[in-house]
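Raw coords-v2.cif, mmCIF, N, CA and C atoms and all ligand atoms:
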data_start
loop_
_atom_site.label_atom_id
_atom_site.label_comp_id
_atom_site.auth_asym_id
_atom_site.auth_seq_id
_atom_site.Cartn_x
_atom_site.Cartn_y
_atom_site.Cartn_z
N MET A 18 -22.14 -26.24 21.98
CA MET A 18 -20.93 -25.55 22.41
C MET A 18 -20.06 -26.51 23.23
N GLN A 19 -18.82 -26.67 22.83
CA GLN A 19 -17.96 -27.65 23.49
C GLN A 19 -17.48 -27.14 24.84
N CYS A 20 -17.45 -28.03 25.82
CA CYS A 20 -16.97 -27.68 27.16
C CYS A 20 -15.86 -28.65 27.53
N HIS A 21 -14.66 -28.12 27.82
CA HIS A 21 -13.54 -29.02 28.10
C HIS A 21 -13.73 -29.78 29.41
N VAL A 22 -14.50 -29.24 30.33
CA VAL A 22 -14.72 -29.93 31.61
C VAL A 22 -15.76 -31.04 31.44
N CYS A 23 -16.82 -30.78 30.68
CA CYS A 23 -17.82 -31.83 30.40
C CYS A 23 -17.16 -32.98 29.65
N SER A 24 -16.16 -32.66 28.83
CA SER A 24 -15.58 -33.70 27.99
C SER A 24 -14.52 -34.53 28.69
N PHE A 25 -14.24 -34.25 29.98
CA PHE A 25 -13.32 -35.13 30.72
C PHE A 25 -13.86 -36.55 30.62
N SER A 26 -13.06 -37.43 30.09
CA SER A 26 -13.60 -38.77 29.87
C SER A 26 -13.07 -39.78 30.88
N ASN A 27 -12.04 -39.39 31.65
CA ASN A 27 -11.53 -40.39 32.59
C ASN A 27 -12.56 -40.60 33.69
N SER A 28 -12.84 -41.84 33.97
CA SER A 28 -13.83 -42.13 35.00
C SER A 28 -13.15 -41.98 36.34
N GLY A 29 -13.33 -40.83 36.94
CA GLY A 29 -12.70 -40.55 38.22
C GLY A 29 -13.50 -41.17 39.36
N ILE A 30 -13.27 -40.62 40.54
CA ILE A 30 -13.97 -41.10 41.73
C ILE A 30 -15.26 -40.30 41.81
N SER A 31 -16.37 -41.01 41.72
CA SER A 31 -17.66 -40.33 41.54
C SER A 31 -18.43 -40.18 42.85
N PHE A 32 -19.00 -38.98 43.03
CA PHE A 32 -19.89 -38.72 44.15
C PHE A 32 -21.24 -38.30 43.56
N ASN A 33 -22.19 -37.91 44.38
CA ASN A 33 -23.51 -37.55 43.83
C ASN A 33 -23.42 -36.41 42.82
N HIS A 34 -22.75 -35.31 43.21
CA HIS A 34 -22.73 -34.12 42.37
C HIS A 34 -21.35 -33.80 41.80
N TRP A 35 -20.32 -34.41 42.34
CA TRP A 35 -18.95 -34.07 41.99
C TRP A 35 -18.19 -35.32 41.55
N GLU A 36 -17.13 -35.09 40.78
CA GLU A 36 -16.26 -36.20 40.38
C GLU A 36 -14.81 -35.76 40.56
N LEU A 37 -14.05 -36.63 41.21
CA LEU A 37 -12.64 -36.34 41.50
C LEU A 37 -11.76 -37.10 40.52
N GLY A 38 -10.92 -36.39 39.80
CA GLY A 38 -10.02 -37.03 38.85
C GLY A 38 -8.58 -36.63 39.13
N VAL A 39 -7.69 -37.58 38.99
CA VAL A 39 -6.27 -37.30 39.19
C VAL A 39 -5.68 -36.73 37.90
N ASN A 40 -5.02 -35.60 38.05
CA ASN A 40 -4.45 -34.91 36.90
C ASN A 40 -3.27 -35.69 36.33
N VAL A 41 -3.11 -35.66 35.01
CA VAL A 41 -1.96 -36.32 34.38
C VAL A 41 -0.67 -35.54 34.68
N ASN A 42 -0.82 -34.26 35.02
CA ASN A 42 0.33 -33.45 35.43
C ASN A 42 0.51 -33.58 36.94
N GLN A 43 1.56 -34.26 37.33
CA GLN A 43 1.80 -34.50 38.75
C GLN A 43 3.04 -33.74 39.24
N HIS A 44 3.27 -32.54 38.73
CA HIS A 44 4.36 -31.73 39.29
C HIS A 44 4.16 -31.60 40.80
N TYR A 45 2.88 -31.44 41.20
CA TYR A 45 2.53 -31.47 42.63
C TYR A 45 1.88 -32.83 42.86
N LEU A 46 2.61 -33.72 43.53
CA LEU A 46 2.14 -35.10 43.70
C LEU A 46 0.75 -35.12 44.34
N GLY A 47 -0.19 -35.81 43.68
CA GLY A 47 -1.56 -35.92 44.17
C GLY A 47 -2.49 -34.86 43.59
N ARG A 48 -2.00 -34.08 42.65
CA ARG A 48 -2.83 -33.02 42.06
C ARG A 48 -4.09 -33.63 41.44
N CYS A 49 -5.22 -33.03 41.74
CA CYS A 49 -6.52 -33.53 41.27
C CYS A 49 -7.37 -32.39 40.74
N VAL A 50 -8.46 -32.77 40.10
CA VAL A 50 -9.51 -31.84 39.73
C VAL A 50 -10.82 -32.40 40.27
N LEU A 51 -11.56 -31.55 40.96
CA LEU A 51 -12.91 -31.92 41.40
C LEU A 51 -13.88 -31.13 40.54
N ARG A 52 -14.60 -31.84 39.70
CA ARG A 52 -15.51 -31.14 38.79
C ARG A 52 -16.95 -31.40 39.17
N LEU A 53 -17.77 -30.37 38.98
CA LEU A 53 -19.21 -30.55 39.15
C LEU A 53 -19.69 -31.39 37.97
N LYS A 54 -20.52 -32.38 38.24
CA LYS A 54 -20.95 -33.28 37.16
C LYS A 54 -21.84 -32.58 36.14
N ARG A 55 -22.64 -31.62 36.59
CA ARG A 55 -23.51 -30.93 35.63
C ARG A 55 -22.79 -29.68 35.12
N HIS A 56 -23.13 -29.28 33.93
CA HIS A 56 -22.54 -28.07 33.37
C HIS A 56 -23.15 -26.85 34.07
N CYS A 57 -22.31 -26.13 34.82
CA CYS A 57 -22.77 -24.97 35.58
C CYS A 57 -21.65 -23.93 35.51
N PRO A 58 -21.95 -22.69 35.11
CA PRO A 58 -20.89 -21.74 34.80
C PRO A 58 -20.28 -20.98 35.98
N SER A 59 -20.91 -21.00 37.16
CA SER A 59 -20.30 -20.22 38.25
C SER A 59 -20.68 -20.77 39.61
N LEU A 60 -19.82 -20.50 40.59
CA LEU A 60 -20.08 -20.95 41.95
C LEU A 60 -21.39 -20.39 42.48
N SER A 61 -21.74 -19.19 42.03
CA SER A 61 -22.97 -18.57 42.55
C SER A 61 -24.23 -19.28 42.06
N GLN A 62 -24.07 -20.21 41.14
CA GLN A 62 -25.24 -20.95 40.64
C GLN A 62 -25.29 -22.39 41.14
N LEU A 63 -24.42 -22.72 42.10
CA LEU A 63 -24.49 -24.06 42.70
C LEU A 63 -25.76 -24.18 43.53
N THR A 64 -26.32 -25.37 43.58
CA THR A 64 -27.48 -25.61 44.44
C THR A 64 -26.97 -25.85 45.87
N SER A 65 -27.88 -25.77 46.83
CA SER A 65 -27.47 -26.01 48.21
C SER A 65 -27.01 -27.46 48.39
N GLU A 66 -27.61 -28.39 47.64
CA GLU A 66 -27.17 -29.79 47.73
C GLU A 66 -25.72 -29.93 47.21
N GLU A 67 -25.39 -29.21 46.16
CA GLU A 67 -24.03 -29.28 45.62
C GLU A 67 -23.03 -28.67 46.60
N TRP A 68 -23.40 -27.55 47.22
CA TRP A 68 -22.53 -26.94 48.24
C TRP A 68 -22.35 -27.88 49.43
N THR A 69 -23.45 -28.49 49.85
CA THR A 69 -23.39 -29.38 51.02
C THR A 69 -22.44 -30.54 50.76
N GLU A 70 -22.54 -31.13 49.58
CA GLU A 70 -21.64 -32.23 49.28
C GLU A 70 -20.19 -31.73 49.19
N PHE A 71 -20.00 -30.56 48.59
CA PHE A 71 -18.65 -30.00 48.51
C PHE A 71 -18.08 -29.81 49.92
N GLU A 72 -18.90 -29.28 50.82
CA GLU A 72 -18.46 -29.06 52.20
C GLU A 72 -18.03 -30.37 52.86
N GLU A 73 -18.73 -31.44 52.52
CA GLU A 73 -18.36 -32.75 53.08
C GLU A 73 -17.08 -33.29 52.44
N LEU A 74 -16.89 -32.98 51.15
CA LEU A 74 -15.75 -33.54 50.43
C LEU A 74 -14.42 -32.86 50.78
N VAL A 75 -14.45 -31.56 51.09
CA VAL A 75 -13.18 -30.85 51.35
C VAL A 75 -12.36 -31.54 52.44
N PRO A 76 -12.92 -31.77 53.63
CA PRO A 76 -12.09 -32.44 54.65
C PRO A 76 -11.72 -33.87 54.28
N LYS A 77 -12.61 -34.57 53.59
CA LYS A 77 -12.28 -35.95 53.20
C LYS A 77 -11.10 -35.97 52.23
N ILE A 78 -11.13 -35.09 51.25
CA ILE A 78 -10.06 -35.06 50.24
C ILE A 78 -8.76 -34.58 50.88
N GLU A 79 -8.83 -33.54 51.71
CA GLU A 79 -7.60 -33.05 52.34
C GLU A 79 -6.98 -34.13 53.24
N THR A 80 -7.83 -34.81 53.99
CA THR A 80 -7.32 -35.87 54.88
C THR A 80 -6.69 -36.99 54.05
N SER A 81 -7.34 -37.35 52.96
CA SER A 81 -6.79 -38.41 52.10
C SER A 81 -5.44 -38.01 51.52
N LEU A 82 -5.32 -36.78 51.05
CA LEU A 82 -4.05 -36.36 50.44
C LEU A 82 -2.93 -36.31 51.47
N LYS A 83 -3.26 -35.87 52.69
CA LYS A 83 -2.24 -35.83 53.75
C LYS A 83 -1.81 -37.25 54.13
N LYS A 84 -2.79 -38.13 54.24
CA LYS A 84 -2.50 -39.52 54.60
C LYS A 84 -1.75 -40.23 53.46
N SER A 85 -2.13 -39.96 52.23
CA SER A 85 -1.55 -40.66 51.08
C SER A 85 -0.12 -40.21 50.80
N PHE A 86 0.13 -38.91 50.89
CA PHE A 86 1.41 -38.38 50.38
C PHE A 86 2.17 -37.51 51.38
N ASP A 87 1.58 -37.29 52.57
CA ASP A 87 2.23 -36.50 53.60
C ASP A 87 2.42 -35.03 53.19
N CYS A 88 1.45 -34.49 52.44
CA CYS A 88 1.51 -33.05 52.13
C CYS A 88 1.18 -32.26 53.40
N VAL A 89 1.58 -31.01 53.46
CA VAL A 89 1.32 -30.21 54.65
C VAL A 89 0.21 -29.18 54.44
N LEU A 90 -0.19 -29.00 53.19
CA LEU A 90 -1.17 -27.97 52.85
C LEU A 90 -1.85 -28.42 51.57
N VAL A 91 -3.11 -28.01 51.40
CA VAL A 91 -3.80 -28.28 50.14
C VAL A 91 -4.35 -26.96 49.61
N ASN A 92 -3.94 -26.60 48.40
CA ASN A 92 -4.47 -25.39 47.75
C ASN A 92 -5.72 -25.77 46.95
N TRP A 93 -6.75 -24.94 47.05
CA TRP A 93 -7.98 -25.12 46.27
C TRP A 93 -8.14 -23.90 45.38
N SER A 94 -8.32 -24.11 44.11
CA SER A 94 -8.45 -22.99 43.19
C SER A 94 -9.59 -23.24 42.21
N CYS A 95 -10.52 -22.29 42.17
CA CYS A 95 -11.63 -22.37 41.22
C CYS A 95 -11.57 -21.10 40.37
N SER A 96 -10.74 -21.12 39.37
CA SER A 96 -10.52 -19.90 38.59
C SER A 96 -11.25 -19.91 37.25
N MET A 97 -11.32 -21.08 36.62
CA MET A 97 -12.06 -21.28 35.37
C MET A 97 -11.63 -20.38 34.22
N ASN A 98 -10.38 -19.92 34.25
CA ASN A 98 -9.91 -19.01 33.21
C ASN A 98 -9.97 -19.61 31.81
N ARG A 99 -9.74 -20.92 31.73
CA ARG A 99 -9.73 -21.56 30.41
C ARG A 99 -11.09 -21.41 29.71
N GLY A 100 -12.17 -21.37 30.51
CA GLY A 100 -13.50 -21.20 29.94
C GLY A 100 -13.72 -19.83 29.33
N PHE A 101 -12.74 -18.92 29.52
CA PHE A 101 -12.84 -17.57 28.99
C PHE A 101 -11.74 -17.27 27.97
N LYS A 102 -11.10 -18.32 27.50
CA LYS A 102 -10.01 -18.11 26.54
C LYS A 102 -10.52 -17.62 25.20
N ARG A 103 -11.70 -18.13 24.84
CA ARG A 103 -12.27 -17.66 23.56
C ARG A 103 -13.78 -17.59 23.67
N LYS A 104 -14.34 -16.74 22.82
CA LYS A 104 -15.79 -16.60 22.80
C LYS A 104 -16.41 -17.65 21.89
N PRO A 105 -17.62 -18.12 22.16
CA PRO A 105 -18.44 -17.75 23.32
C PRO A 105 -17.87 -18.37 24.60
N TYR A 106 -17.79 -17.57 25.66
CA TYR A 106 -17.25 -18.06 26.93
C TYR A 106 -18.11 -19.21 27.44
N ASN A 107 -17.43 -20.22 28.00
CA ASN A 107 -18.18 -21.40 28.40
C ASN A 107 -17.53 -22.06 29.63
N PRO A 108 -17.54 -21.37 30.78
CA PRO A 108 -16.92 -21.95 31.98
C PRO A 108 -17.77 -23.06 32.59
N HIS A 109 -17.14 -23.90 33.36
CA HIS A 109 -17.80 -25.01 34.04
C HIS A 109 -17.10 -25.16 35.40
N VAL A 110 -17.87 -25.14 36.46
CA VAL A 110 -17.30 -25.16 37.81
C VAL A 110 -16.45 -26.40 38.05
N HIS A 111 -15.20 -26.16 38.42
CA HIS A 111 -14.30 -27.25 38.84
C HIS A 111 -13.23 -26.65 39.73
N TRP A 112 -12.68 -27.46 40.59
CA TRP A 112 -11.64 -27.03 41.54
C TRP A 112 -10.32 -27.73 41.22
N HIS A 113 -9.27 -26.95 41.15
CA HIS A 113 -7.93 -27.54 41.09
C HIS A 113 -7.49 -27.76 42.54
N ILE A 114 -7.07 -28.96 42.82
CA ILE A 114 -6.66 -29.34 44.18
C ILE A 114 -5.18 -29.66 44.13
N ILE A 115 -4.40 -28.85 44.84
CA ILE A 115 -2.94 -28.93 44.72
C ILE A 115 -2.32 -29.20 46.10
N PRO A 116 -1.90 -30.44 46.32
CA PRO A 116 -1.18 -30.72 47.57
C PRO A 116 0.18 -30.01 47.56
N ARG A 117 0.58 -29.47 48.71
CA ARG A 117 1.84 -28.74 48.80
C ARG A 117 2.75 -29.38 49.85
N TYR A 118 4.06 -29.31 49.57
CA TYR A 118 5.04 -30.06 50.35
C TYR A 118 6.18 -29.17 50.81
N ASP A 119 6.56 -29.34 52.08
CA ASP A 119 7.71 -28.58 52.60
C ASP A 119 8.98 -29.43 52.56
N LYS A 120 8.89 -30.60 51.94
CA LYS A 120 10.05 -31.49 51.85
C LYS A 120 9.90 -32.35 50.60
N GLN A 121 10.97 -32.92 50.19
CA GLN A 121 10.90 -33.85 49.06
C GLN A 121 10.14 -35.10 49.49
N VAL A 122 9.25 -35.59 48.62
CA VAL A 122 8.50 -36.81 48.94
C VAL A 122 8.75 -37.85 47.86
N ASN A 123 8.50 -39.10 48.23
CA ASN A 123 8.79 -40.24 47.38
C ASN A 123 7.52 -41.05 47.22
N PHE A 124 7.14 -41.35 45.99
CA PHE A 124 6.00 -42.24 45.74
C PHE A 124 6.38 -43.17 44.61
N LYS A 125 6.28 -44.49 44.86
CA LYS A 125 6.63 -45.50 43.85
C LYS A 125 8.04 -45.27 43.29
N ARG A 126 8.97 -45.03 44.20
CA ARG A 126 10.40 -44.86 43.86
C ARG A 126 10.68 -43.63 42.96
N THR A 127 9.75 -42.67 42.98
CA THR A 127 10.00 -41.44 42.25
C THR A 127 9.90 -40.28 43.24
N PHE A 128 10.80 -39.32 43.10
CA PHE A 128 10.84 -38.20 44.03
C PHE A 128 10.14 -36.97 43.47
N TYR A 129 9.48 -36.25 44.36
CA TYR A 129 8.76 -35.03 43.99
C TYR A 129 9.21 -33.92 44.92
N LYS A 130 9.49 -32.77 44.34
CA LYS A 130 9.90 -31.62 45.15
C LYS A 130 9.05 -30.42 44.79
N ASP A 131 8.45 -29.80 45.81
CA ASP A 131 7.60 -28.62 45.62
C ASP A 131 8.49 -27.39 45.79
N SER A 132 9.14 -27.01 44.71
CA SER A 132 10.10 -25.90 44.80
C SER A 132 9.41 -24.55 44.96
N GLU A 133 8.08 -24.51 44.83
CA GLU A 133 7.34 -23.26 44.99
C GLU A 133 6.68 -23.17 46.37
N PHE A 134 6.99 -24.12 47.27
CA PHE A 134 6.32 -24.15 48.58
C PHE A 134 6.41 -22.79 49.27
N GLY A 135 5.30 -22.34 49.83
CA GLY A 135 5.25 -21.01 50.46
C GLY A 135 4.78 -19.93 49.51
N SER A 136 4.57 -20.29 48.24
CA SER A 136 4.08 -19.35 47.23
C SER A 136 2.93 -19.99 46.46
N VAL A 137 2.34 -19.19 45.60
CA VAL A 137 1.26 -19.68 44.74
C VAL A 137 1.80 -20.84 43.90
N ALA A 138 0.97 -21.86 43.70
CA ALA A 138 1.37 -22.98 42.84
C ALA A 138 1.61 -22.48 41.41
N ASP A 139 2.59 -23.06 40.77
CA ASP A 139 2.93 -22.67 39.40
C ASP A 139 2.29 -23.68 38.43
N PHE A 140 1.17 -23.26 37.83
CA PHE A 140 0.43 -24.16 36.94
C PHE A 140 1.15 -24.40 35.61
N THR A 141 2.21 -23.63 35.37
CA THR A 141 2.95 -23.86 34.12
C THR A 141 3.96 -25.00 34.26
N LYS A 142 4.26 -25.39 35.50
CA LYS A 142 5.19 -26.51 35.71
C LYS A 142 4.48 -27.80 35.32
N GLU A 143 5.19 -28.62 34.56
CA GLU A 143 4.54 -29.82 34.04
C GLU A 143 5.40 -31.04 34.27
N ARG A 144 4.79 -32.05 34.84
CA ARG A 144 5.45 -33.33 35.00
C ARG A 144 4.40 -34.40 34.70
N LEU A 145 4.35 -34.81 33.47
CA LEU A 145 3.32 -35.75 33.04
C LEU A 145 3.69 -37.16 33.47
N VAL A 146 2.71 -37.88 33.99
CA VAL A 146 2.96 -39.26 34.41
C VAL A 146 2.20 -40.21 33.49
N ASP A 147 2.68 -41.45 33.42
CA ASP A 147 1.98 -42.41 32.55
C ASP A 147 0.69 -42.87 33.23
N GLU A 148 -0.15 -43.52 32.46
CA GLU A 148 -1.49 -43.89 32.94
C GLU A 148 -1.41 -44.84 34.14
N ASN A 149 -0.42 -45.76 34.14
CA ASN A 149 -0.31 -46.69 35.27
C ASN A 149 -0.06 -45.95 36.58
N LEU A 150 0.85 -44.99 36.54
CA LEU A 150 1.17 -44.24 37.76
C LEU A 150 -0.01 -43.36 38.16
N ARG A 151 -0.68 -42.74 37.17
CA ARG A 151 -1.84 -41.90 37.47
C ARG A 151 -2.91 -42.73 38.18
N VAL A 152 -3.12 -43.96 37.70
CA VAL A 152 -4.12 -44.84 38.32
C VAL A 152 -3.69 -45.24 39.74
N GLU A 153 -2.38 -45.49 39.93
CA GLU A 153 -1.89 -45.81 41.27
C GLU A 153 -2.15 -44.66 42.24
N ILE A 154 -1.93 -43.45 41.78
CA ILE A 154 -2.18 -42.27 42.61
C ILE A 154 -3.67 -42.18 42.94
N GLU A 155 -4.51 -42.43 41.94
CA GLU A 155 -5.96 -42.38 42.18
C GLU A 155 -6.40 -43.46 43.17
N LYS A 156 -5.80 -44.64 43.07
CA LYS A 156 -6.17 -45.75 43.97
C LYS A 156 -5.88 -45.40 45.43
N ILE A 157 -4.71 -44.81 45.67
CA ILE A 157 -4.38 -44.53 47.08
C ILE A 157 -5.24 -43.39 47.61
N ILE A 158 -5.53 -42.40 46.77
CA ILE A 158 -6.42 -41.32 47.21
C ILE A 158 -7.79 -41.89 47.53
N SER A 159 -8.29 -42.77 46.65
CA SER A 159 -9.60 -43.36 46.84
C SER A 159 -9.64 -44.20 48.13
N ALA A 160 -8.57 -44.99 48.33
CA ALA A 160 -8.53 -45.86 49.52
C ALA A 160 -8.54 -45.06 50.81
N ASN A 161 -7.98 -43.85 50.77
CA ASN A 161 -7.90 -43.03 51.98
C ASN A 161 -9.05 -42.03 52.12
N LEU A 162 -10.01 -42.09 51.21
CA LEU A 162 -11.19 -41.20 51.30
C LEU A 162 -12.19 -41.82 52.27
N ILE A 163 -12.09 -41.44 53.54
CA ILE A 163 -13.03 -42.05 54.49
C ILE A 163 -13.73 -40.98 55.31
ZN ZN B 201 -19.32 -28.32 31.02
#
Same coordinates, now as C-alpha cells:
Amino acid sequence: MQCHVCSFSNSGISFNHWELGVNVNQHYLGRCVLRLKRHCPSLSQLTSEEWTEFEELVPKIETSLKKSFDCVLVNWSCSMNRGFKRKPYNPHVHWHIIPRYDKQVNFKRTFYKDSEFGSVADFTKERLVDENLRVEIEKIISANLI
C-alpha cells in the first residue's frame, strides 16, 4: 500500500525518529513538514521515545524559524487528511509547520506577505520555489537549529 509520507524522497534534516523537510510551497516562508520516520497511522500510537524527541524538537524548530525569518508565531498542524482521501485509508504521522508573519518579510531579495495572519493558514495558497531556494531555506533553518 503506497504512502505519500513514506515516499518523501528529499533528504531533509534527520533526527533519531523524525525528519524535517522544507516544503516546496513557500507561501508561508519557512514552511516545513516534520515527519515520523516510521510508518505510524496516529499520534496515539507514538512511542514515548518519539514523543520525547518531538518535545525536544518543537522549541528548537520554533527558535530556528524565528531566528531565520523573524516570524512571530508558528502553527503546528497534524491533520493527515490526505491519508483519508481514498480507501484503503493510509495515514502517516507528520506535522505541517507554518511560520506566521505580522509584516512583510524579505529572504534572498524576495518578499513574502502573510495575508492570512491572525487566521488559520490557507493551505490552498501556493507559491512554489525552485530547488536552489528551497535548499537555501533548509540551510538557514538547519544552521539555526541549536
Ligand atoms: Zn508512511
Of the listed residues A:Leu53, A:Ile115, A:Ile78, A:Ile158, that which approaches Val91 (chain A) most closely, counting only N, CA and C atoms: A:Ile115
Close residues, His111 (chain A) itself excluded, 6 Å, all atoms listed in the file, min 4 positions apart in chain, as a PyMOL selection string: chain A and resi 51-53+94-95
Sorted by chain and rising residue number, list the residues of chain A at most 10 Å from ligand ZN 201 (chain B) (counting only C-alpha atoms and all ligand atoms), each with its closest atom pair and distance in Å to one decimal, as CSV.
residue,atom,partner,partner_atom,distance
A:Met18,CA,B:ZN201,ZN,9.2
A:Gln19,CA,B:ZN201,ZN,7.7
A:Cys20,CA,B:ZN201,ZN,4.6
A:His21,CA,B:ZN201,ZN,6.5
A:Val22,CA,B:ZN201,ZN,4.9
A:Cys23,CA,B:ZN201,ZN,3.9
A:Ser24,CA,B:ZN201,ZN,7.2
A:Phe25,CA,B:ZN201,ZN,9.1
A:Arg52,CA,B:ZN201,ZN,9.1
A:Leu53,CA,B:ZN201,ZN,8.4
A:Lys54,CA,B:ZN201,ZN,8.1
A:Arg55,CA,B:ZN201,ZN,6.8
A:His56,CA,B:ZN201,ZN,4.0
A:Cys57,CA,B:ZN201,ZN,6.6
A:Pro58,CA,B:ZN201,ZN,7.7
A:Gly100,CA,B:ZN201,ZN,9.3
A:Asn107,CA,B:ZN201,ZN,7.5
A:Pro108,CA,B:ZN201,ZN,6.9
A:His109,CA,B:ZN201,ZN,4.7
A:Val110,CA,B:ZN201,ZN,7.8
A:His111,CA,B:ZN201,ZN,9.4
DSSP strand (DSSP E or B) selection over chain A, as a count of residues only: 32
For Ser28 (chain A): contacts at 7 Å, all atoms listed in the file, fewer than 3 positions along chain excluded, given as a ChimeraX atom specification: /A:25,31,37-38
Selected residues written out with N, CA and C atoms, as a tab-separated table (two decimals), in the coordinates of the input:
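The result, written out as again_21.tsv:
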chain	number	residue	atom	x	y	z
A	25	PHE	N	-14.24	-34.25	29.98
A	25	PHE	CA	-13.32	-35.13	30.72
A	25	PHE	C	-13.86	-36.55	30.62
A	31	SER	N	-16.37	-41.01	41.72
A	31	SER	CA	-17.66	-40.33	41.54
A	31	SER	C	-18.43	-40.18	42.85
A	37	LEU	N	-14.05	-36.63	41.21
A	37	LEU	CA	-12.64	-36.34	41.50
A	37	LEU	C	-11.76	-37.10	40.52
A	38	GLY	N	-10.92	-36.39	39.80
A	38	GLY	CA	-10.02	-37.03	38.85
A	38	GLY	C	-8.58	-36.63	39.13
Those of chain A in DSSP helix (DSSP H, G or I), formatted as a PyMOL selection string: chain A and resi 60-62+65-86+98-101+148-160
Spatial neighbours of region 139-151 of chain A, max dist 6.5 Å, all atoms listed in the file, sep filter under 4 positions, as a PyMOL selection string: chain A and resi 39-44+133+155-156
